[in-house]
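Student: Below is the structure I would like to discuss, written out as structure tokens.
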Amino acid sequence: MPNDRKINSTAACISLMLEGCELKKVRSNSRMYSRFFVLDADMRSVRWEPSKKDSEKAKIEIKSVKEVRVGKKTPVLRSNGLSDQFPDECAFSIIYGDNYESLDLVASSADVVSAWVMGLRYLVSYGKHSPEAPGTGHPSLRTSWISSVFDLADLEKSGRIPVSRAVQLIKALNPGMKTSTIELKFKELQKASERPGTDVACDLFVEAYCELCTRPEIFFLLVQFSSNKEYLGVKDLLMFLEVEQGMEGVTEEKCLEIVSKYEPSKEGREKGYLAIDGFTRYLLSADCSIFDPQHRKVCQDMAQPLSHYYISSAHSACLLEDNFWGRSDISGYISALGLGCRSIELVLWDGPEGEPVVYTSPSAASCVPFRAVVGLIDQHAFTASAYPLILCLVVRCSAPQQRLAAQCLRKTLGEKLYLEPPNPVASYLPSPEELKGRILIKGKKLPPTCEDSEGEVSDEEEGWELARRLGQEDREAPEGGGLRRVRLSRELSELVSLCQAVPFQDFESSRRGQRYWEMCSFSEVEAGRFANECPAELVSYNKRFLSRIYPSPMRIDASNMNPQDFWKCGCQMVAMNYQTPGLMMDLNAGWFRQNGACGYVLRPAIMREEVSYFSANAKDSLPGVPAQLLHLKVISGQNLPKPKGSGAKGEVVEPYVCAEIHGIPADCAEHRTKTALQSGDNPIFDESLEFQINLPELAVLRFVVLDDDYIGDEFIAQYTIPFECLQPGYRHVPLQSLAGEPLPHATLFVHVAITDRRGGGKGHRRGLAGRRGRRVREYTSTKATGIKAIDEVFRTATQPLREATDLRENVQNALVSFKELCGLTPAANMKQCILTVSTWLLHSDSAPSVTLNLAEQYPPMEAQGPIPDLLRKVLTAYETMIQTSRTLIESADTVYGKLIQAQQAGMDFHKELHRIETKEGLRGRKLQKALESFAWNITVLKGQADLLKHAKAEALDNLWQIHNAGQSCGIGRNGSASPEPSRLQAPLEPIPETDGGGDTASC
């Protein structure tokens, strides 16, 4: 197909098929033969030549086609001999005849596949009723609307409008499109029709609009779901929203609201039709965003202790540039607070006029008065978030100026300051909910024995790099080495309550002596060493205490550390240089969007629970955490800008997309699409990528668009989103600049499918799950602690653990087999499977009779009379899936109860663990191994019980989808209203989290 030929309507698809093109025909022996395929003039058959067969045998009648599949969806195309010879998007199959045979084909490009598949599906649906070429006869809904738009612009009512007005009209209807692109299109059409001039007639305007504003990938999607030719009716839209977009509880009223909001034509709105322009508008709207709207507001439990949250933290917020040459400016604080930052660092220095100032650079042209900074904080502290703000004071000024700083804080902030002393009988910090609207001061505190107006306290390393540059190092250095000492005024000391800064000694000392309101700051280098050498101890430490990580003083350019390196160890406050854009700030900004951008994100349960085993440097799946698969199809890009500094290149960019996963080491991965050559600013990628996510709660997905043929900067755009915020289905990604600013109208069009998510799929990796059951199944087991009484308790869980794994994986394997026989990927959902089977049965006059008996809780799929071999295999696979699901649903409660019982019996030992260890004489490495094994066992039991709970919920949801799809597609019988999953059988109760408290550092 010529590169400039745009398939933007069914008529264009049919036209291409009538002309014919070369496709490769794949045989069951994995050999491929080039053949010329063409649609007959009467549009009743597809033929191919050359062929040794009789010409009547080298054809398929349209009326015999059951289904058209895109990708490698048949056993022939999945065979090992072919899997790497051509991309998935270049393959398609025609399932036809009473025996459900498959004609497997490979095209030269995804565009050719789209044209043939769109055309064939159209003819299969409407061939019997409209053998004439589509587009003839009455004007379409779309043509009528575009003509009415033209008529409104035809002020003189002459039947023609100036080209300049036509250009502006199309630009207004399609924001983001370049004026030069529209002007060029009009010139091309005027030349082709031999009608040059400065005016445009209606028919030419309609033609230009259709060619410019029809996105083939969206039109292809519309045709798949349309039962009314070239628009979606209410039932079509409802099916699309439920099946592909994963929306629950969709009603026809909701669909009519969408039509009313997005369909531009009056006729379409009145009739409840969503044509291609309305459908495109809807897919581009915020209502169809890739970011789950539930996460746009605070959606997490905010009643946990403060130490259980990641806290958005800034370093050097008043700087606008780098740490050495940067300028100080008060607007930096406004910007950080506006982005939801909840921890700001303030370094206090002696001011020239007797009042303290804030600045971090010896070369700053002007410093910022502390009084002005506090006034600004008072004004903007809670505009973006109501949750507590922590001011980290690093004191570098004299005691008299400290007293002035304390007076300023009290007077300006008033009741917002949190001054209540810590509760001595509590074990954890208060929650963000309890501290709403309050400002906490993090800083040093005078010892209780000090009765004077000022005293000496140990100082932190933070800020001394700048002191050395200011020439203060000698004056401040302690005699004989050791920790530096500084003078602290009582007034400033009394402002510190829940965030008392103390020096870190070691993890054992902290476990035995640190109080919950005391917190340590670590340099990036020191924290990095702990993260690499003793990550388990750091994770355990952060369950109870707050830790703040600040950048290395060697980062004089204000570059940023990777916050994921410390989030994976549970460090709550990773201080970022907000003024420095790039990957690290993208991760930070994207991460803190997930809880209403309030500056607090709840850490994963496995990192909060009193007893849990978690390896921050895990290279594989974690015990008890269900790994998920992300199937990501990057379809196209829209209105991509040119990279900065690429002026010498001209208009064309050659973009490609990198999809990056950032998280624990086991999850970090990057895949890229092919380069879209000479595609302008609206490239088609049409490429599928896959990621396994072992700890979804800590994973972040980053899209980066780059130029493969750059001069200067290759960066085009990016977007960063937490994995938990992804919405499944067809979505547009709103691209941003390097600095995180929105790029108007620049988007990526993608399809997202995630395991254990409704809509877009519940995928399972075939190699991991499907094949494992046929070889040696891997079971998660407990580990020996070396303490007999404890090991006997955990040993009782051996059989329930095996049963839980068998129940889950038997269903999983059956699901994968059923989906593959339906010609779908493992990412498909059950509703898509039932609808696929129904299309086979409804697209033929001689179709076998197969029905779903919806009167039964586990509806059987029954055949009346003889059925083809393929359909028999599908029914057998369905029966296996139903039976394994039934076994899981009916057995889950018992197995779940046994796992809970063993887990709770193990937890009964927890408070006595140290006494038992002493009695058993465990020390050193043996003691450490016993503690690790105990934590592992508790985590495995809780995790496997939760997995079983989720598997049961998913099985119940599959039954609901079967009932729902069976009714909507017409193969269900004896059906009543679709049962809700909860009505089929009550879900299992989750294992409650252990209340905070006690000695947490042991596990």
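Residue numbering restarts at 1 for every chain of the structure tokens, chains are lettered A, B, ... in their displayed order, and ligands are numbered from 1 as they appear.
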Using only C-alpha atoms, determine which residues lie at most 10 Å from A:Cys668, disregarding the query and same-chain residues fewer than 6 positions distant; provide the list as a ChimeraX atom specification.
Tutor: /A:619,660-662,691-694,699-701
Student: Take the residues from that selection and put them in a file with all heavy atoms, as a PDB file, in the first residue's frame.
Tutor:
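selection_7.pdb, freshly written:
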```
ATOM      1  N   LYS A 619      15.322  -9.909  42.809  1.00  0.00           N
ATOM      2  CA  LYS A 619      15.466 -10.045  41.357  1.00  0.00           C
ATOM      3  C   LYS A 619      14.366 -10.932  40.775  1.00  0.00           C
ATOM      4  O   LYS A 619      14.398 -11.288  39.613  1.00  0.00           O
ATOM      5  CB  LYS A 619      16.838 -10.660  41.015  1.00  0.00           C
ATOM      6  CG  LYS A 619      18.036  -9.833  41.475  1.00  0.00           C
ATOM      7  CD  LYS A 619      18.222  -8.587  40.626  1.00  0.00           C
ATOM      8  CE  LYS A 619      19.600  -7.972  40.810  1.00  0.00           C
ATOM      9  NZ  LYS A 619      19.876  -7.497  42.154  1.00  0.00           N
ATOM     10  N   GLU A 660       9.280   2.546  29.952  1.00  0.00           N
ATOM     11  CA  GLU A 660      10.183   2.155  31.029  1.00  0.00           C
ATOM     12  C   GLU A 660       9.378   1.809  32.273  1.00  0.00           C
ATOM     13  O   GLU A 660       8.426   2.509  32.618  1.00  0.00           O
ATOM     14  CB  GLU A 660      11.136   3.309  31.386  1.00  0.00           C
ATOM     15  CG  GLU A 660      11.896   3.891  30.214  1.00  0.00           C
ATOM     16  CD  GLU A 660      12.543   5.225  30.545  1.00  0.00           C
ATOM     17  OE1 GLU A 660      12.221   5.804  31.620  1.00  0.00           O
ATOM     18  OE2 GLU A 660      13.347   5.714  29.722  1.00  0.00           O
ATOM     19  N   ILE A 661       9.772   0.732  32.939  1.00  0.00           N
ATOM     20  CA  ILE A 661       9.203   0.412  34.248  1.00  0.00           C
ATOM     21  C   ILE A 661      10.284   0.675  35.286  1.00  0.00           C
ATOM     22  O   ILE A 661      11.405   0.175  35.183  1.00  0.00           O
ATOM     23  CB  ILE A 661       8.746  -1.055  34.343  1.00  0.00           C
ATOM     24  CG1 ILE A 661       7.580  -1.325  33.392  1.00  0.00           C
ATOM     25  CG2 ILE A 661       8.333  -1.399  35.785  1.00  0.00           C
ATOM     26  CD1 ILE A 661       6.273  -0.659  33.780  1.00  0.00           C
ATOM     27  N   HIS A 662       9.943   1.482  36.287  1.00  0.00           N
ATOM     28  CA  HIS A 662      10.845   1.763  37.402  1.00  0.00           C
ATOM     29  C   HIS A 662      10.206   1.203  38.668  1.00  0.00           C
ATOM     30  O   HIS A 662       9.017   1.409  38.914  1.00  0.00           O
ATOM     31  CB  HIS A 662      11.071   3.270  37.548  1.00  0.00           C
ATOM     32  CG  HIS A 662      11.716   3.890  36.344  1.00  0.00           C
ATOM     33  ND1 HIS A 662      13.067   4.094  36.245  1.00  0.00           N
ATOM     34  CD2 HIS A 662      11.191   4.341  35.179  1.00  0.00           C
ATOM     35  CE1 HIS A 662      13.350   4.646  35.081  1.00  0.00           C
ATOM     36  NE2 HIS A 662      12.220   4.806  34.403  1.00  0.00           N
ATOM     37  N   PHE A 691       5.465  -6.415  30.024  1.00  0.00           N
ATOM     38  CA  PHE A 691       6.279  -6.319  31.229  1.00  0.00           C
ATOM     39  C   PHE A 691       5.682  -7.195  32.315  1.00  0.00           C
ATOM     40  O   PHE A 691       4.463  -7.259  32.456  1.00  0.00           O
ATOM     41  CB  PHE A 691       6.323  -4.880  31.760  1.00  0.00           C
ATOM     42  CG  PHE A 691       6.891  -3.879  30.794  1.00  0.00           C
ATOM     43  CD1 PHE A 691       6.061  -3.228  29.882  1.00  0.00           C
ATOM     44  CD2 PHE A 691       8.234  -3.560  30.810  1.00  0.00           C
ATOM     45  CE1 PHE A 691       6.569  -2.279  29.007  1.00  0.00           C
ATOM     46  CE2 PHE A 691       8.752  -2.614  29.931  1.00  0.00           C
ATOM     47  CZ  PHE A 691       7.931  -1.985  29.026  1.00  0.00           C
ATOM     48  N   GLN A 692       6.543  -7.841  33.107  1.00  0.00           N
ATOM     49  CA  GLN A 692       6.066  -8.516  34.315  1.00  0.00           C
ATOM     50  C   GLN A 692       6.361  -7.616  35.504  1.00  0.00           C
ATOM     51  O   GLN A 692       7.488  -7.147  35.674  1.00  0.00           O
ATOM     52  CB  GLN A 692       6.746  -9.871  34.526  1.00  0.00           C
ATOM     53  CG  GLN A 692       6.285 -10.511  35.841  1.00  0.00           C
ATOM     54  CD  GLN A 692       6.581 -11.985  35.930  1.00  0.00           C
ATOM     55  OE1 GLN A 692       6.451 -12.712  34.953  1.00  0.00           O
ATOM     56  NE2 GLN A 692       6.998 -12.444  37.105  1.00  0.00           N
ATOM     57  N   ILE A 693       5.347  -7.382  36.322  1.00  0.00           N
ATOM     58  CA  ILE A 693       5.464  -6.482  37.472  1.00  0.00           C
ATOM     59  C   ILE A 693       5.320  -7.316  38.743  1.00  0.00           C
ATOM     60  O   ILE A 693       4.251  -7.846  39.022  1.00  0.00           O
ATOM     61  CB  ILE A 693       4.392  -5.373  37.449  1.00  0.00           C
ATOM     62  CG1 ILE A 693       4.267  -4.764  36.047  1.00  0.00           C
ATOM     63  CG2 ILE A 693       4.689  -4.319  38.494  1.00  0.00           C
ATOM     64  CD1 ILE A 693       5.460  -4.015  35.557  1.00  0.00           C
ATOM     65  N   ASN A 694       6.395  -7.420  39.519  1.00  0.00           N
ATOM     66  CA  ASN A 694       6.382  -8.265  40.717  1.00  0.00           C
ATOM     67  C   ASN A 694       5.877  -7.536  41.958  1.00  0.00           C
ATOM     68  O   ASN A 694       5.322  -8.159  42.849  1.00  0.00           O
ATOM     69  CB  ASN A 694       7.787  -8.816  40.972  1.00  0.00           C
ATOM     70  CG  ASN A 694       8.236  -9.761  39.869  1.00  0.00           C
ATOM     71  OD1 ASN A 694       7.796 -10.904  39.809  1.00  0.00           O
ATOM     72  ND2 ASN A 694       9.088  -9.289  38.972  1.00  0.00           N
ATOM     73  N   ALA A 699       5.659   0.220  41.439  1.00  0.00           N
ATOM     74  CA  ALA A 699       6.101   0.360  40.044  1.00  0.00           C
ATOM     75  C   ALA A 699       5.558   1.646  39.423  1.00  0.00           C
ATOM     76  O   ALA A 699       4.437   2.074  39.706  1.00  0.00           O
ATOM     77  CB  ALA A 699       5.645  -0.851  39.234  1.00  0.00           C
ATOM     78  N   VAL A 700       6.382   2.229  38.553  1.00  0.00           N
ATOM     79  CA  VAL A 700       6.011   3.442  37.820  1.00  0.00           C
ATOM     80  C   VAL A 700       6.285   3.189  36.342  1.00  0.00           C
ATOM     81  O   VAL A 700       7.332   2.649  35.984  1.00  0.00           O
ATOM     82  CB  VAL A 700       6.838   4.656  38.301  1.00  0.00           C
ATOM     83  CG1 VAL A 700       6.512   5.895  37.479  1.00  0.00           C
ATOM     84  CG2 VAL A 700       6.582   4.937  39.765  1.00  0.00           C
ATOM     85  N   LEU A 701       5.336   3.565  35.482  1.00  0.00           N
ATOM     86  CA  LEU A 701       5.509   3.443  34.030  1.00  0.00           C
ATOM     87  C   LEU A 701       5.808   4.826  33.467  1.00  0.00           C
ATOM     88  O   LEU A 701       5.097   5.792  33.749  1.00  0.00           O
ATOM     89  CB  LEU A 701       4.229   2.877  33.401  1.00  0.00           C
ATOM     90  CG  LEU A 701       4.138   2.910  31.862  1.00  0.00           C
ATOM     91  CD1 LEU A 701       5.216   2.055  31.219  1.00  0.00           C
ATOM     92  CD2 LEU A 701       2.759   2.459  31.395  1.00  0.00           C
TER      93      LEU A 701
END
```
Student: Within 9 Å of A:Ser108, counting only C-alpha atoms, which residues qualify if same-chain residues fewer than 3 places away don't, as a ChimeraX atom specification?
Tutor: /A:1,22-24,90,111-113
Student: Just checking: using only C-alpha atoms, which residue out of A:Ser509, A:Ser34, A:Ser540, A:Ser891 ends up closest to A:Glu609?
Tutor: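 Among A:Ser509, A:Ser34, A:Ser540, A:Ser891, it is A:Ser540 that comes nearest to A:Glu609.
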Student: Write out as a list in words the residues lying within 9 Å of stretch 248-256 of chain A, counting only C-alpha atoms and excluding same-chain residues fewer than 5 positions away.
Tutor: Val234, Lys235, Leu237, Leu238, Leu241, Glu242, Lys261, Arg269, Gly272, Tyr273 and Arg758 of chain A
Student: Find the residues near A:Leu417: any atom within 10 Å, counting only C-alpha atoms, skip ones fewer than 3 places away on the same chain, and give them as number ranges by chain.
Tutor: A: 388-389, 409-414, 420, 437-441, 495-497
Student: Those residues with C-alpha atoms, as a PDB file, in the first residue's frame please?
Tutor:
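Result file is part26.pdb:
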```pdb
ATOM      1  CA  PRO A 388       0.758  18.037  57.563  1.00  0.00           C
ATOM      2  CA  LEU A 389       3.695  20.078  56.321  1.00  0.00           C
ATOM      3  CA  LEU A 409       7.431  31.044  63.497  1.00  0.00           C
ATOM      4  CA  ARG A 410       5.142  31.309  66.538  1.00  0.00           C
ATOM      5  CA  LYS A 411       3.704  34.674  65.573  1.00  0.00           C
ATOM      6  CA  THR A 412       3.169  33.950  61.863  1.00  0.00           C
ATOM      7  CA  LEU A 413       2.032  30.312  61.953  1.00  0.00           C
ATOM      8  CA  GLY A 414       0.107  30.519  65.222  1.00  0.00           C
ATOM      9  CA  GLU A 420       2.027  19.090  71.689  1.00  0.00           C
ATOM     10  CA  GLY A 437      -3.721  21.437  58.784  1.00  0.00           C
ATOM     11  CA  ARG A 438      -0.713  21.319  61.107  1.00  0.00           C
ATOM     12  CA  ILE A 439       2.914  22.319  60.528  1.00  0.00           C
ATOM     13  CA  LEU A 440       5.620  20.210  62.192  1.00  0.00           C
ATOM     14  CA  ILE A 441       9.125  21.470  62.862  1.00  0.00           C
ATOM     15  CA  LEU A 495       9.109  24.217  68.619  1.00  0.00           C
ATOM     16  CA  VAL A 496      10.284  20.646  67.902  1.00  0.00           C
ATOM     17  CA  SER A 497       7.847  17.925  68.915  1.00  0.00           C
TER      18      SER A 497
END
```
Student: Among stretch 808-994 of chain A, which residues does DSSP mark as strand (DSSP E) when it is run on the backbone? Keep the chain and numbering as in the structure and answer as a ChimeraX atom specification.
Tutor: /A:849-853,861-864,972-973
Student: Within 7 Å of A:Gln727, counting only C-alpha atoms, which residues qualify if same-chain residues fewer than 6 places away don't, as a JSON list (two decimals) with C-alpha atoms, in the first residue's frame?
Tutor:
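What ended up in result_4.json:
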```json
[["chain", "number", "residue", "atom", "x", "y", "z"],
["A", 290, "ILE", "CA", -5.18, 6.69, 31.00],
["A", 291, "PHE", "CA", -5.03, 8.03, 34.57],
["A", 292, "ASP", "CA", -7.69, 6.43, 36.79]]
```
Student: Run DSSP on the backbone and tell me which residues of stretch 512-704 of chain A come out as alpha helix (DSSP H); list them as a PyMOL selection string.
Tutor: chain A and resi 512-513+524-533+535-541+564-567+583-591
Student: Which of these residues is nearest to A:Cys658, using only C-alpha atoms: A:Leu232, A:Ala717, A:Val243, A:Ile916?
Tutor: A:Ala717
Student: Any idea what's packed within 9 Å of A:Lys271, counting only C-alpha atoms, ignoring anything in its chain fewer than 4 positions away? Could you give it as a ChimeraX atom specification?
Tutor: /A:233,266-267
Student: Could you take the residues named above and write them with N, CA, C and O atoms, as a PDB file, in the first residue's frame?
Tutor:
```pdb
ATOM      1  N   GLY A 233     -24.043   2.696  17.874  1.00  0.00           N
ATOM      2  CA  GLY A 233     -25.310   2.907  18.550  1.00  0.00           C
ATOM      3  C   GLY A 233     -25.104   2.789  20.053  1.00  0.00           C
ATOM      4  O   GLY A 233     -24.007   2.482  20.530  1.00  0.00           O
ATOM      5  N   LYS A 266     -26.022  17.189  15.207  1.00  0.00           N
ATOM      6  CA  LYS A 266     -27.319  17.254  15.892  1.00  0.00           C
ATOM      7  C   LYS A 266     -28.107  15.969  15.670  1.00  0.00           C
ATOM      8  O   LYS A 266     -28.718  15.425  16.596  1.00  0.00           O
ATOM      9  N   GLU A 267     -28.081  15.458  14.431  1.00  0.00           N
ATOM     10  CA  GLU A 267     -28.811  14.221  14.103  1.00  0.00           C
ATOM     11  C   GLU A 267     -28.297  13.052  14.931  1.00  0.00           C
ATOM     12  O   GLU A 267     -29.075  12.243  15.454  1.00  0.00           O
TER      13      GLU A 267
END
```
Student: Pick from A:Thr880, A:Ser28, A:Thr74, A:Ser289: nearest to A:Pro728, with only C-alpha atoms counted?
Tutor: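 Among the listed residues, the smallest separation from A:Pro728 belongs to A:Ser289.
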Student: Counting only C-alpha atoms, which residue out of A:Gly119, A:Pro305, A:Gly599, A:Gly590 sits closest to A:Gly338?
Tutor: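 Ranked by minimum distance to A:Gly338, first place goes to A:Gly599.
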Student: Give me, please, the distance in Å between atom CA of A:Leu870 and atom CA of A:His751, quoted to one decimal.
Tutor: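 That distance, rounded to one decimal, is 29.1 Å.
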Student: Using only C-alpha atoms, which residues sit within 10 Å of A:Thr798 once same-chain residues fewer than 6 positions away are excluded, as a VMD selection string?
Tutor: chain A and resid 779 to 782 899 902 941
Student: For A:Glu690, which of A:Ala110, A:Ala558, A:Leu854, A:Val752 is the closest residue, counting only C-alpha atoms?
Tutor: A:Val752
